[in-house]
Structures are given as C-alpha cells and as structure tokens.
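target_27.cif follows; it contains mmCIF, C-alpha atoms.
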```
data_start
#
loop_
_atom_site.label_atom_id
_atom_site.label_comp_id
_atom_site.auth_asym_id
_atom_site.auth_seq_id
_atom_site.Cartn_x
_atom_site.Cartn_y
_atom_site.Cartn_z
CA MET J 1273 39.90 53.81 63.24
CA SER J 1274 42.84 51.77 64.46
CA THR J 1275 45.83 50.66 62.41
CA ASN J 1276 44.74 47.05 62.77
CA LYS J 1277 41.31 47.75 61.49
CA ALA J 1278 42.76 49.59 58.50
CA SER J 1279 45.03 46.61 57.81
CA ARG J 1280 42.07 44.26 57.88
CA ILE J 1281 40.12 46.45 55.48
CA GLY J 1282 43.09 46.58 53.14
CA GLU J 1283 43.59 42.82 53.20
CA GLU J 1284 39.94 42.18 52.62
CA ILE J 1285 39.70 44.48 49.63
CA TRP J 1286 42.91 43.11 48.13
CA LYS J 1287 41.59 39.58 48.39
CA THR J 1288 38.09 40.13 47.15
CA ARG J 1289 37.73 43.29 45.15
CA VAL J 1290 40.93 43.89 43.22
CA ASP J 1291 41.47 42.70 39.65
CA LYS J 1292 44.98 41.34 39.44
CA VAL J 1293 47.71 41.24 36.90
CA ASN J 1294 51.18 39.71 36.86
CA ALA J 1295 53.35 41.82 39.16
CA GLU J 1296 56.33 41.68 36.84
CA LEU J 1297 54.40 43.33 34.04
CA VAL J 1298 53.77 46.31 36.29
CA THR J 1299 57.32 46.39 37.57
CA LEU J 1300 58.81 46.20 34.12
CA THR J 1301 56.45 48.78 32.69
CA TYR J 1302 57.37 51.21 35.43
CA GLY J 1303 61.02 50.47 34.72
CA THR J 1304 60.65 51.43 31.07
CA ILE J 1305 58.94 54.65 32.07
CA VAL J 1306 61.81 55.71 34.28
CA ALA J 1307 64.37 54.56 31.73
CA GLN J 1308 62.62 56.57 29.04
CA LEU J 1309 62.59 59.69 31.20
CA CYS J 1310 66.29 59.31 31.96
CA GLN J 1311 66.93 59.06 28.26
CA ASP J 1312 64.69 61.99 27.32
CA TYR J 1313 66.19 64.26 29.93
CA ASN J 1314 69.78 63.17 29.32
CA SER J 1315 70.10 61.80 32.81
CA ASP J 1316 69.14 65.08 34.42
CA TYR J 1317 67.84 63.20 37.43
CA GLN J 1318 66.35 66.23 39.16
CA GLU J 1319 64.15 66.69 36.14
CA VAL J 1320 63.33 62.98 36.05
CA ASN J 1321 62.22 63.17 39.70
CA LYS J 1322 60.04 66.10 38.83
CA GLN J 1323 58.45 64.37 35.85
CA LEU J 1324 57.78 61.23 37.85
CA ASP J 1325 56.12 63.29 40.54
CA LYS J 1326 53.97 64.95 37.90
CA MET J 1327 52.91 61.62 36.42
CA GLY J 1328 52.09 60.41 39.88
CA TYR J 1329 50.00 63.49 40.51
CA ASN J 1330 47.97 62.78 37.38
CA ILE J 1331 47.49 59.21 38.48
CA GLY J 1332 46.57 60.19 42.01
CA MET J 1333 43.80 62.50 40.86
CA ARG J 1334 42.13 59.59 39.13
CA LEU J 1335 43.11 56.85 41.53
CA ILE J 1336 41.30 58.40 44.48
CA GLU J 1337 37.93 57.61 42.90
CA ASP J 1338 38.89 54.01 42.56
CA PHE J 1339 40.15 53.99 46.12
CA LEU J 1340 36.95 55.43 47.53
CA ALA J 1341 34.77 53.15 45.45
CA LYS J 1342 36.64 50.01 46.47
CA SER J 1343 37.18 50.85 50.11
CA GLY J 1344 33.94 52.63 50.88
CA VAL J 1345 35.66 54.44 53.74
CA GLY J 1346 34.53 57.83 54.92
CA ARG J 1347 36.36 60.95 55.92
CA CYS J 1348 39.32 60.49 58.25
CA ALA J 1349 39.01 62.08 61.68
CA ASN J 1350 42.60 63.25 61.78
CA PHE J 1351 45.91 63.09 59.95
CA ARG J 1352 46.99 59.99 61.89
CA GLU J 1353 44.01 58.15 60.56
CA THR J 1354 44.80 59.41 57.08
CA ALA J 1355 48.29 57.98 57.41
CA ASP J 1356 46.98 54.53 58.31
CA MET J 1357 44.49 54.71 55.49
CA ILE J 1358 47.24 55.49 53.00
CA ALA J 1359 49.61 52.84 54.27
CA LYS J 1360 47.32 49.96 55.09
CA VAL J 1361 44.49 50.41 52.62
CA GLY J 1362 45.76 52.55 49.73
CA PHE J 1363 49.16 50.94 49.25
CA LYS J 1364 47.68 47.54 49.92
CA ILE J 1365 45.03 47.87 47.23
CA PHE J 1366 47.28 49.27 44.55
CA LEU J 1367 50.72 47.82 45.28
CA ASN J 1368 50.01 44.93 47.64
CA VAL J 1369 52.36 46.31 50.26
CA ALA J 1370 51.64 47.93 53.61
CA PRO J 1371 54.42 50.30 54.60
CA THR J 1372 55.00 51.07 58.26
CA VAL J 1373 53.82 54.43 59.54
CA THR J 1374 56.32 55.90 61.95
CA ASN J 1375 58.45 58.88 63.05
CA TRP J 1376 55.57 61.19 63.83
CA THR J 1377 56.39 64.74 64.78
CA SER J 1378 54.87 65.90 68.05
CA ASP J 1379 52.31 68.07 66.28
CA ASN J 1380 51.05 65.02 64.36
CA ASN J 1381 51.59 66.75 61.05
CA GLN J 1382 54.47 64.72 59.67
CA PHE J 1383 55.16 61.03 59.40
CA SER J 1384 57.31 58.55 57.54
CA LEU J 1385 56.34 55.56 55.48
CA ILE J 1386 58.92 52.79 55.63
CA PHE J 1387 58.76 50.34 52.76
CA ASP J 1388 60.04 46.83 53.43
CA ASP J 1389 59.04 45.88 49.96
CA ASN J 1390 58.66 47.98 46.89
CA PRO J 1391 57.34 46.19 43.84
CA LEU J 1392 58.18 49.14 41.61
CA ALA J 1393 61.87 48.64 42.32
CA ASP J 1394 62.11 44.88 41.86
CA PHE J 1395 64.82 44.03 39.30
CA VAL J 1396 66.23 47.51 39.53
CA GLU J 1397 69.76 48.73 39.88
CA LEU J 1398 70.55 52.39 39.37
CA PRO J 1399 73.14 53.39 36.76
CA ASP J 1400 76.68 53.42 38.02
CA ASP J 1401 77.42 56.91 36.75
CA GLY J 1402 78.34 58.41 40.10
CA ARG J 1403 75.23 60.57 40.13
CA ALA J 1404 72.10 58.45 39.98
CA GLN J 1405 72.56 57.12 43.49
CA ASP J 1406 72.79 60.67 44.80
CA GLU J 1407 70.13 62.31 42.67
CA LEU J 1408 67.49 59.93 41.35
CA TRP J 1409 64.52 58.89 43.45
CA PHE J 1410 63.48 55.89 41.44
CA SER J 1411 60.03 55.51 42.96
CA ASN J 1412 59.26 59.21 43.04
CA ILE J 1413 55.99 58.64 41.20
CA LEU J 1414 54.55 57.47 44.52
CA CYS J 1415 55.03 60.92 46.05
CA GLY J 1416 52.99 62.40 43.24
CA VAL J 1417 50.29 59.79 43.64
CA LEU J 1418 49.86 60.68 47.31
CA ARG J 1419 49.87 64.39 46.57
CA GLY J 1420 47.32 64.08 43.76
CA SER J 1421 44.94 61.72 45.48
CA LEU J 1422 44.92 63.57 48.80
CA GLU J 1423 44.39 66.88 47.09
CA MET J 1424 41.19 65.46 45.64
CA VAL J 1425 39.90 64.92 49.16
CA GLN J 1426 41.01 68.39 50.20
CA VAL J 1427 44.17 67.46 52.03
CA GLN J 1428 47.21 69.27 50.78
CA ILE J 1429 50.42 67.44 51.55
CA GLU J 1430 54.05 67.44 50.61
CA ALA J 1431 55.84 64.13 50.11
CA HIS J 1432 59.40 63.19 49.30
CA PHE J 1433 61.72 60.27 49.71
CA VAL J 1434 64.50 60.59 52.25
CA SER J 1435 66.15 57.22 51.70
CA ASP J 1436 66.01 54.33 49.26
CA VAL J 1437 67.67 50.92 49.31
CA LEU J 1438 68.50 51.48 45.65
CA ARG J 1439 70.80 54.27 46.79
CA GLY J 1440 72.54 52.02 49.25
CA ASP J 1441 70.44 53.10 52.25
CA ASP J 1442 69.20 50.47 54.66
CA THR J 1443 65.58 51.46 54.33
CA THR J 1444 63.26 53.04 51.85
CA GLU J 1445 61.53 55.91 53.56
CA MET J 1446 59.10 58.54 52.38
CA ARG J 1447 58.38 61.62 54.43
CA VAL J 1448 54.85 63.00 54.29
CA SER J 1449 53.86 66.39 55.71
CA LEU J 1450 50.46 67.93 56.05
CA VAL J 1451 50.43 71.39 54.52
CA ARG J 1452 46.81 72.30 55.12
CA TYR J 1453 43.25 71.18 54.71
CA ILE J 1454 41.80 72.87 51.68
CA GLU J 1455 38.68 74.69 52.73
CA ASP J 1456 37.05 76.11 49.67
CA GLU J 1457 36.73 74.79 46.19
CA MET J 1458 39.64 73.27 44.31
CA PRO J 1459 42.33 75.63 43.17
CA PRO J 1460 42.69 75.57 39.41
CA GLU J 1461 45.52 73.27 38.34
CA GLU J 1462 46.72 72.97 34.84
CA GLU J 1463 48.76 69.78 35.19
CA MET Q 688 83.50 29.90 40.52
CA ALA Q 689 84.00 33.45 39.50
CA ALA Q 690 81.61 36.01 40.80
CA PRO Q 691 79.11 37.20 38.24
CA ARG Q 692 80.10 40.39 36.60
CA HIS Q 693 77.40 42.72 37.59
CA SER Q 694 79.09 45.84 36.54
CA ALA Q 695 78.79 45.08 32.89
CA MET Q 696 75.05 44.82 33.18
CA LEU Q 697 74.36 48.13 34.74
CA SER Q 698 71.51 49.92 33.24
CA ILE Q 699 68.71 52.04 34.44
CA SER Q 700 65.97 49.76 33.36
CA ASN Q 701 65.05 46.43 34.76
CA ASN Q 702 67.91 44.02 34.89
CA VAL Q 703 66.24 40.72 34.53
CA GLY Q 704 68.53 37.89 33.93
CA THR Q 705 71.62 37.36 35.97
CA PRO Q 706 70.97 35.96 39.39
CA GLN Q 707 73.92 35.77 41.69
CA SER Q 708 73.55 32.27 42.90
CA THR Q 709 73.14 30.39 39.70
CA SER Q 710 74.43 32.60 37.00
CA SER Q 711 77.97 31.49 36.42
CA ASP Q 712 77.03 28.39 34.52
CA LYS Q 713 74.00 29.83 32.82
CA THR Q 714 74.94 33.25 31.73
CA GLN Q 715 75.51 32.94 28.08
CA ILE Q 716 76.75 36.33 27.23
CA ALA Q 717 80.43 36.94 27.66
CA GLN Q 718 80.83 40.24 29.37
CA PRO Q 719 84.08 42.04 28.87
CA GLN Q 720 85.27 43.93 31.88
CA SER Q 721 87.84 46.59 32.28
CA PRO Q 722 90.58 45.52 34.68
CA ALA Q 723 90.80 48.80 36.57
CA GLN Q 724 87.25 48.58 37.76
CA THR Q 725 86.09 49.83 41.11
CA PRO Q 726 82.75 48.93 42.52
CA GLY Q 727 80.85 52.14 42.14
CA LEU Q 728 77.44 51.41 43.52
CA ARG Q 729 76.65 51.57 47.19
CA VAL Q 730 74.65 48.69 48.56
CA PRO Q 731 72.61 48.56 51.76
CA SER Q 732 74.34 46.93 54.70
CA ASN Q 733 71.51 44.44 54.92
CA ARG Q 734 72.28 43.55 51.32
CA LYS Q 735 68.82 44.13 49.96
CA THR Q 736 69.92 44.15 46.36
CA ILE Q 737 68.65 42.45 43.25
CA TYR Q 738 71.53 40.00 43.53
CA ASP Q 739 70.43 38.79 46.93
CA ARG Q 740 66.89 37.92 46.18
CA HIS Q 741 65.69 35.00 44.23
CA LEU Q 742 64.73 35.73 40.67
CA ASN Q 743 61.62 33.63 41.04
CA ARG Q 744 60.38 35.53 44.03
CA SER Q 745 58.01 37.63 42.00
CA ARG Q 746 57.17 34.81 39.63
CA ASN Q 747 53.67 34.31 40.88
CA ALA Q 748 53.28 37.66 42.52
CA GLU Q 749 50.30 39.76 41.58
CA LEU Q 750 49.59 43.43 41.54
CA SER Q 751 46.51 45.46 40.92
CA ARG Q 752 45.44 45.67 37.33
CA ALA Q 753 44.44 49.24 37.98
CA SER Q 754 48.04 50.11 38.83
CA PHE Q 755 49.16 48.73 35.52
CA ALA Q 756 46.46 50.68 33.73
CA TYR Q 757 47.46 53.93 35.44
CA LEU Q 758 51.12 53.49 34.63
CA PHE Q 759 50.54 52.46 31.06
CA ALA Q 760 48.13 55.33 30.48
CA GLU Q 761 50.71 57.79 31.82
CA MET Q 762 53.33 56.22 29.61
CA VAL Q 763 51.16 56.65 26.53
CA THR Q 764 50.14 60.19 27.45
CA TYR Q 765 53.72 61.17 28.06
CA ALA Q 766 54.83 59.65 24.76
CA GLN Q 767 52.02 61.38 22.95
CA ARG Q 768 53.23 64.79 24.04
CA ARG Q 769 56.57 64.18 22.40
CA VAL Q 770 55.55 62.89 19.00
CA THR Q 771 53.95 64.29 15.91
CA GLY Q 772 51.89 61.41 14.58
CA ILE Q 773 50.46 57.99 15.18
CA GLN Q 774 53.38 56.20 13.58
CA ASP Q 775 55.79 58.13 15.73
CA LEU Q 776 53.84 57.29 18.83
CA GLU Q 777 53.73 53.60 17.99
CA LYS Q 778 57.43 53.65 17.24
CA ARG Q 779 58.11 55.15 20.62
CA LEU Q 780 55.98 52.62 22.44
CA ASN Q 781 57.66 49.89 20.48
CA GLU Q 782 61.07 51.16 21.51
CA GLN Q 783 60.04 51.16 25.14
CA GLY Q 784 58.98 47.52 24.94
CA TYR Q 785 62.07 46.36 23.07
CA PRO Q 786 64.54 46.24 25.98
CA LEU Q 787 61.98 44.35 28.02
CA GLY Q 788 61.86 41.68 25.36
CA LEU Q 789 65.62 41.23 25.48
CA ARG Q 790 65.51 40.78 29.24
CA LEU Q 791 62.35 38.72 29.44
CA LEU Q 792 64.02 36.26 27.12
CA ASP Q 793 66.73 35.62 29.69
CA LEU Q 794 64.15 35.37 32.41
CA LEU Q 795 62.13 32.84 30.44
CA PHE Q 796 65.11 30.62 29.86
CA TYR Q 797 66.31 30.94 33.40
CA ARG Q 798 62.96 29.90 34.76
CA ALA Q 799 62.59 27.09 32.32
CA THR Q 800 65.91 25.60 33.38
CA SER Q 801 65.54 26.26 37.08
CA THR Q 802 62.25 24.48 37.30
CA SER Q 803 62.97 21.87 34.65
CA SER Q 804 59.32 22.09 33.79
CA SER Q 805 57.84 21.61 30.41
CA ALA Q 806 57.16 25.29 30.04
CA LEU Q 807 59.38 25.48 27.02
CA SER Q 808 58.77 22.02 25.71
CA SER Q 809 58.09 23.31 22.26
CA SER Q 810 61.70 24.36 21.89
CA SER Q 811 63.41 21.48 23.61
CA THR Q 812 63.20 17.87 24.53
CA SER Q 813 62.18 17.12 28.05
CA SER Q 814 65.44 15.49 29.04
CA SER Q 815 67.82 18.31 28.28
CA PRO Q 816 67.60 21.91 29.41
CA PRO Q 817 65.84 24.05 26.86
CA ASN Q 818 67.93 25.60 24.17
CA ARG Q 819 67.31 28.82 22.47
CA PRO Q 820 65.11 28.22 19.47
CA LEU Q 821 66.92 27.79 16.19
CA ARG Q 822 63.93 27.67 13.91
CA ILE Q 823 61.24 30.26 13.37
CA LEU Q 824 58.39 28.08 14.47
CA ALA Q 825 60.04 27.20 17.78
CA LEU Q 826 60.64 30.88 18.44
CA LEU Q 827 57.05 31.79 17.64
CA HIS Q 828 55.77 29.07 19.93
CA LEU Q 829 57.96 30.49 22.65
CA ILE Q 830 56.31 33.88 22.19
CA HIS Q 831 52.80 32.56 21.76
CA GLY Q 832 53.03 30.33 24.84
CA PRO Q 833 55.59 30.98 27.59
CA LEU Q 834 56.10 34.69 26.93
CA TRP Q 835 52.38 35.40 26.82
CA ARG Q 836 51.83 33.33 29.96
CA LEU Q 837 54.56 35.20 31.78
CA LEU Q 838 53.05 38.57 30.89
CA PHE Q 839 49.34 37.88 30.76
CA GLN Q 840 48.84 34.51 32.45
CA ARG Q 841 47.42 32.94 29.33
CA SER Q 842 48.60 31.97 25.88
CA ALA Q 843 47.99 34.12 22.85
CA ASP Q 844 44.93 33.21 20.82
CA ALA Q 845 46.34 32.34 17.43
CA LEU Q 846 49.53 31.88 15.51
CA GLU Q 847 49.43 32.01 11.73
CA HIS Q 848 51.72 32.06 8.76
CA SER Q 849 51.09 34.43 5.89
CA VAL Q 850 49.30 32.64 3.08
CA SER Q 851 50.62 34.98 0.43
CA PRO Q 852 53.55 33.57 -1.55
CA ASP Q 853 55.04 37.06 -1.70
CA THR Q 854 55.48 37.33 2.03
CA PRO Q 855 56.67 34.00 3.39
CA ASN Q 856 58.54 35.93 6.07
CA GLU Q 857 55.35 37.20 7.72
CA TYR Q 858 53.76 35.58 10.72
CA MET Q 859 50.84 36.70 12.80
CA ILE Q 860 50.23 36.33 16.51
CA THR Q 861 46.71 37.24 17.57
CA ASP Q 862 45.43 38.39 20.91
CA ASN Q 863 41.64 38.65 21.02
CA ASP Q 864 41.59 41.01 23.94
CA PRO Q 865 44.98 42.50 24.77
CA LEU Q 866 45.31 43.55 28.38
CA VAL Q 867 47.27 46.66 27.48
CA ASN Q 868 44.37 48.05 25.47
CA THR Q 869 41.67 47.28 28.00
CA TYR Q 870 41.75 50.72 29.57
CA ILE Q 871 42.84 52.76 26.59
CA SER Q 872 40.19 54.55 24.61
CA VAL Q 873 41.47 55.78 21.30
CA PRO Q 874 39.94 58.95 19.86
CA ARG Q 875 38.20 58.52 16.55
CA GLU Q 876 40.68 60.58 14.57
CA MET Q 877 43.44 58.26 15.75
CA SER Q 878 41.62 55.05 15.02
CA MET Q 879 44.71 53.54 13.44
CA LEU Q 880 46.56 53.73 16.72
CA ASN Q 881 47.14 50.55 18.62
CA CYS Q 882 48.93 50.98 21.93
CA ALA Q 883 49.82 47.32 21.94
CA ALA Q 884 52.78 48.60 19.94
CA TYR Q 885 54.41 48.37 23.35
CA ILE Q 886 53.92 44.60 23.32
CA ALA Q 887 55.03 44.48 19.69
CA GLY Q 888 58.27 46.00 20.93
CA VAL Q 889 58.57 43.29 23.55
CA ILE Q 890 58.13 40.63 20.86
CA GLU Q 891 60.70 42.34 18.69
CA GLY Q 892 63.14 42.29 21.58
CA VAL Q 893 62.60 38.59 22.11
CA CYS Q 894 63.13 37.86 18.41
CA ASP Q 895 66.27 39.96 18.19
CA GLY Q 896 67.59 38.54 21.42
CA CYS Q 897 67.27 35.07 19.96
CA GLY Q 898 69.12 36.11 16.82
CA PHE Q 899 66.04 36.43 14.63
CA GLU Q 900 66.10 39.91 13.22
CA ALA Q 901 62.50 41.02 12.87
CA LYS Q 902 60.13 43.96 12.73
CA VAL Q 903 56.96 43.62 14.72
CA SER Q 904 53.90 45.84 14.58
CA ALA Q 905 50.47 45.79 16.19
CA HIS Q 906 47.31 46.13 14.12
CA ASN Q 907 43.63 46.50 14.95
CA GLN Q 908 41.59 43.64 13.55
CA PRO Q 909 38.32 43.90 15.39
CA THR Q 910 35.60 41.33 15.07
CA GLU Q 911 32.08 41.58 16.33
CA MET Q 912 32.90 39.44 19.30
CA TRP Q 913 36.35 40.88 19.98
CA PRO Q 914 36.33 44.64 19.39
CA SER Q 915 39.91 45.13 20.51
CA ARG Q 916 41.35 42.09 18.77
CA THR Q 917 44.94 42.81 17.85
CA VAL Q 918 47.23 41.10 15.38
CA PHE Q 919 50.96 41.29 15.91
CA LEU Q 920 52.62 41.10 12.53
CA VAL Q 921 56.11 39.62 12.74
CA ARG Q 922 58.26 40.22 9.68
CA PHE Q 923 61.56 38.39 9.68
CA GLY Q 924 64.57 39.75 7.86
CA ASP Q 925 66.06 38.17 4.73
CA THR Q 926 69.04 36.72 6.55
CA VAL Q 927 66.73 34.91 8.91
CA MET Q 928 64.80 33.41 6.02
CA GLU Q 929 67.99 32.29 4.30
CA ARG Q 930 69.26 30.66 7.44
CA GLU Q 931 65.90 29.01 7.91
CA LYS Q 932 66.26 27.32 4.53
CA VAL Q 933 69.75 26.09 5.34
CA LEU Q 934 68.64 24.72 8.67
CA GLU Q 935 65.70 23.02 7.07
CA ARG Q 936 67.97 21.24 4.58
CA GLN Q 937 70.16 20.12 7.45
CA GLY Q 938 67.19 18.80 9.33
CA VAL Q 939 67.68 21.04 12.35
CA LYS Q 940 64.55 21.40 14.41
#
```
Here is the file; what I need is its structure written in the form of structure tokens.
Amino acid sequence: MSTNKASRIGEEIWKTRVDKVNAELVTLTYGTIVAQLCQDYNSDYQEVNKQLDKMGYNIGMRLIEDFLAKSGVGRCANFRETADMIAKVGFKIFLNVAPTVTNWTSDNNQFSLIFDDNPLADFVELPDDGRAQDELWFSNILCGVLRGSLEMVQVQIEAHFVSDVLRGDDTTEMRVSLVRYIEDEMPPEEE
Amino acid sequence: MAAPRHSAMLSISNNVGTPQSTSSDKTQIAQPQSPAQTPGLRVPSNRKTIYDRHLNRSRNAELSRASFAYLFAEMVTYAQRRVTGIQDLEKRLNEQGYPLGLRLLDLLFYRATSTSSSALSSSSTSSSPPNRPLRILALLHLIHGPLWRLLFQRSADALEHSVSPDTPNEYMITDNDPLVNTYISVPREMSMLNCAAYIAGVIEGVCDGCGFEAKVSAHNQPTEMWPSRTVFLVRFGDTVMEREKVLERQGVK
C-alpha cells in the first residue's frame, strides 16, 4: 500500500468515523498529566519520561483495537508499510496529524517520524530550570503508545524521541526501530 | 511597547494566556522580574514557540474523543495508585484541574476581547470589552456558558442557587452527561466516586482566579434519563458573601 493511499484512508476515517472533542481539552489534560508527574517525581525527568512511556504503553494496548476497528486495514506486508500506517492512519485518527516518514536505514528496519505539528505540545513551554530542556521528552507518551499498540499485533519495536522543538531543536523527531516480529504467543507483561 | 515578560510565566504545565503580539495592553497581572535575568530557554531557529503562534489557532481545532478518553483514563488510573480513598482521589483530580481553571480564565477573556463577540455578554455590556465578573451570578454565568462551551462545545444544563436559608453561599451547576465520565466505569464499591472532580477543579480555578474564593465538588445525581448526571456544588467563602452584600448595596452589577 502506498503512502498516498494510506493518507487517503486516514483522511477519510478522520472525517467520517471519528468522534471529536475540543482539541484544547486534550492538550490541557495531557499538560496536567505531565505536570503532575514532574511534581510527583520531584522533577526527576528521566523518571517522568519512563512513566509517560508506561502510560503510553497501556494506552497503546487498548488503542490498537480501536485502530483496527475504525480502519479495517489488514496485516502490513513489510515494515515500510507499517510506518506509513502509523504515520498517515494512526496519528491521523487519534491526533489529527500526519508526521513525515523519513531517514530509513538501508536495512529498512529504522525510520524517523518528523512532526510538523504536535497537538500535545500546544501551549507548552518547558521549565527554565536548566535541566528540563536537556532531559524531559514532553511527548514521550507517544513512544509508549507505538510500542504498546504494535506489540499487540506482534511487532516489537523500540521508539524514542531524538529532537523536540520544545527543547530548542528545529524539528520534533521520533526514531522507531524494529526489534523483531513476535512469533509465538504474547509474552506475559505485568504493566 | 515593552516585550512581554515570558520568564515570569514559566511553568511546566500549559501556559495559556499571554500571547506575544497583543499581551502588553491586556496582561493584567504585574509580573515582577529580577534584573539580572538571562534568557535560559533555547528556542528553535525557526521560532516555533508558543509566543509565535496565534492563541486562537487551536480555538476550533478538534481531536479524537478517544484520545481524550485514553489520556483521562490513564490520569485517573495513575492517581488511583497513589491515594488511599475516594476522597483522596477526588482531591487529587481536583488539584490537577485547578491550574487549568486559572489559565482558561485568561484564555476566555483574551478570546472575548480579541473577537469582540458577545461570548461574554453576561458579564459585560456589548460596547466595552468584557470585564472580569464582580458579582457571583456573572461569574457563574461565565462558567455555565463560555467556559463550558470552550471545553465541551455546549453550555452546562442548569444553574441553581441553594434554596436552603442555611447555605446561601451554595450554587449548583449541572451537567446531564459530562464528557469526562463517558468512558469511565466506576466499580460498585466506589460508587461515590465522580471523576468529574477534575472539572470541579477547573471551576475552582476559574472562581479563585476571578477573586471568588470557593470550594467546588462533583456529585452523582443520576436520573432515569441521565444516569451520569453530575452536579457541581460551588461553595463560596464568607469573604465573598460579605463582599457580595456590599456590592449589592452599591448597585454594582
């Protein structure tokens, strides 16, 4: 399936099959979650990143059902197709953005998602404490969402942000790597 | 015109309220600043910062309701792991909503002035820019109407004053079907819990931000037709009630 086709599917679903809510309510709610974590962990941003990733993982495990039900798409033929599906259909349905897929490695096992827009980070400025801009990945929940949802369709990945406009970088970029396709049944997870 | 003083507003959560382009004449809070201040935050060279985008950009933007439900559910689950009882949990949710209320208040006023619409007509005349409400009723109308519309794209369903003579400081705002509770199923043994405590916190923030000290709580009041009907009980402090009487004598509206 081509990137364009994936984009069309994403647009179509967003327009016709997605219940909407005011974007600011979502943005602000996510903001309070991150703020609360920073408070609870005394601005230990590594720990905040970890917690956000965990929350995302929990969300991803449930979100995949919704994704499959709404999109009706089948199994991807390869990891490149998976990438388009994530960027043009998944992100479109749930965040109304369609990040660019780029920077593939030659073995087709790693790519980057570049976000021009990130609704989670609207209204946000990181604390000026000399650390947050070096340590906190504000939107880290998204990494967990990808990890959780793909694991449910037997694709084990690793995802992390490598740059973020909130940190003063020119782009917001997430790096996604294929670890392996899970062959047998699900490994037990206690999260 | 002096540049807006961003540094004094730094905070991890969502900084709604001080747009670069229009703020100098509208920011109402004086922000003290230390003289030996160095700009600490790095900004992208393409200047993609909150100060460079219009505050109304996301005004009519929409996101998936599912995304909200997922985030809110995680927020509740996370809070639940760190508390011992229902009251504690509601308190925590309330505290998470509170700072939003403070900031949404600024956003509401900013938008009302920038569009000169009648969105806040209940608290102002149409010719002058809207003022912050001085009287309780104006404030409650602001919450019942504009605030609810900003968050949920509709007004709240009812606004009532306590009929009991013992509690003239109590007001009730009703939402027949609160969005925040749509995807929350509360276990039977926690039937007192109402996760709209989060929204109660938002309301409390708006009240406090306006100078009306209040405690706000969310209560289940189901009816046959509206099983998740929720009443937000707003209890104003004594000082507010005293001031209200003075203002009434002076004919302030």
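Atom CA of Glu749 of chain Q is positioned 9.1 Å from atom CA of Val1298 of chain J.
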Can you give me, as JSON, numbers by chain, the residues this file yields under the PyMOL selection byres ((chain J) within 7 of (chain Q))?
-> {"J": [1290, 1291, 1292, 1293, 1294, 1295, 1296, 1297, 1298, 1300, 1302, 1303, 1304, 1305, 1307, 1327, 1331, 1365, 1366, 1367, 1368, 1395, 1396, 1397, 1398, 1399, 1400, 1437, 1439, 1440, 1441, 1442]}
Exercise: residues within 8 Å of coordinate (56.3, 55.7, 58.2), counting all atoms listed in the file, as a ChimeraX atom specification | /J:1371-1376,1383-1386,1445-1447
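Minimum distance to Asp1401 of chain J across J:Val1306, J:Thr1444, J:Ile1281, J:Asp1316 (counting all atoms listed in the file) occurs at J:Asp1316.
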Given the choices Q:Asn743, Q:Gln937, Q:Val921, Q:Leu834, which gets closest to Glu847 of chain Q if the distance is worked out from all atoms listed in the file?
-> Q:Val921
Determine, counting only C-alpha atoms, which protein, DNA and RNA residues have an atom within 7 Å of an atom of Asn907 of chain Q; residues of the same chain fewer than 5 positions away are not included. Present the result as number ranges by chain.
-> Q: 881, 915-918
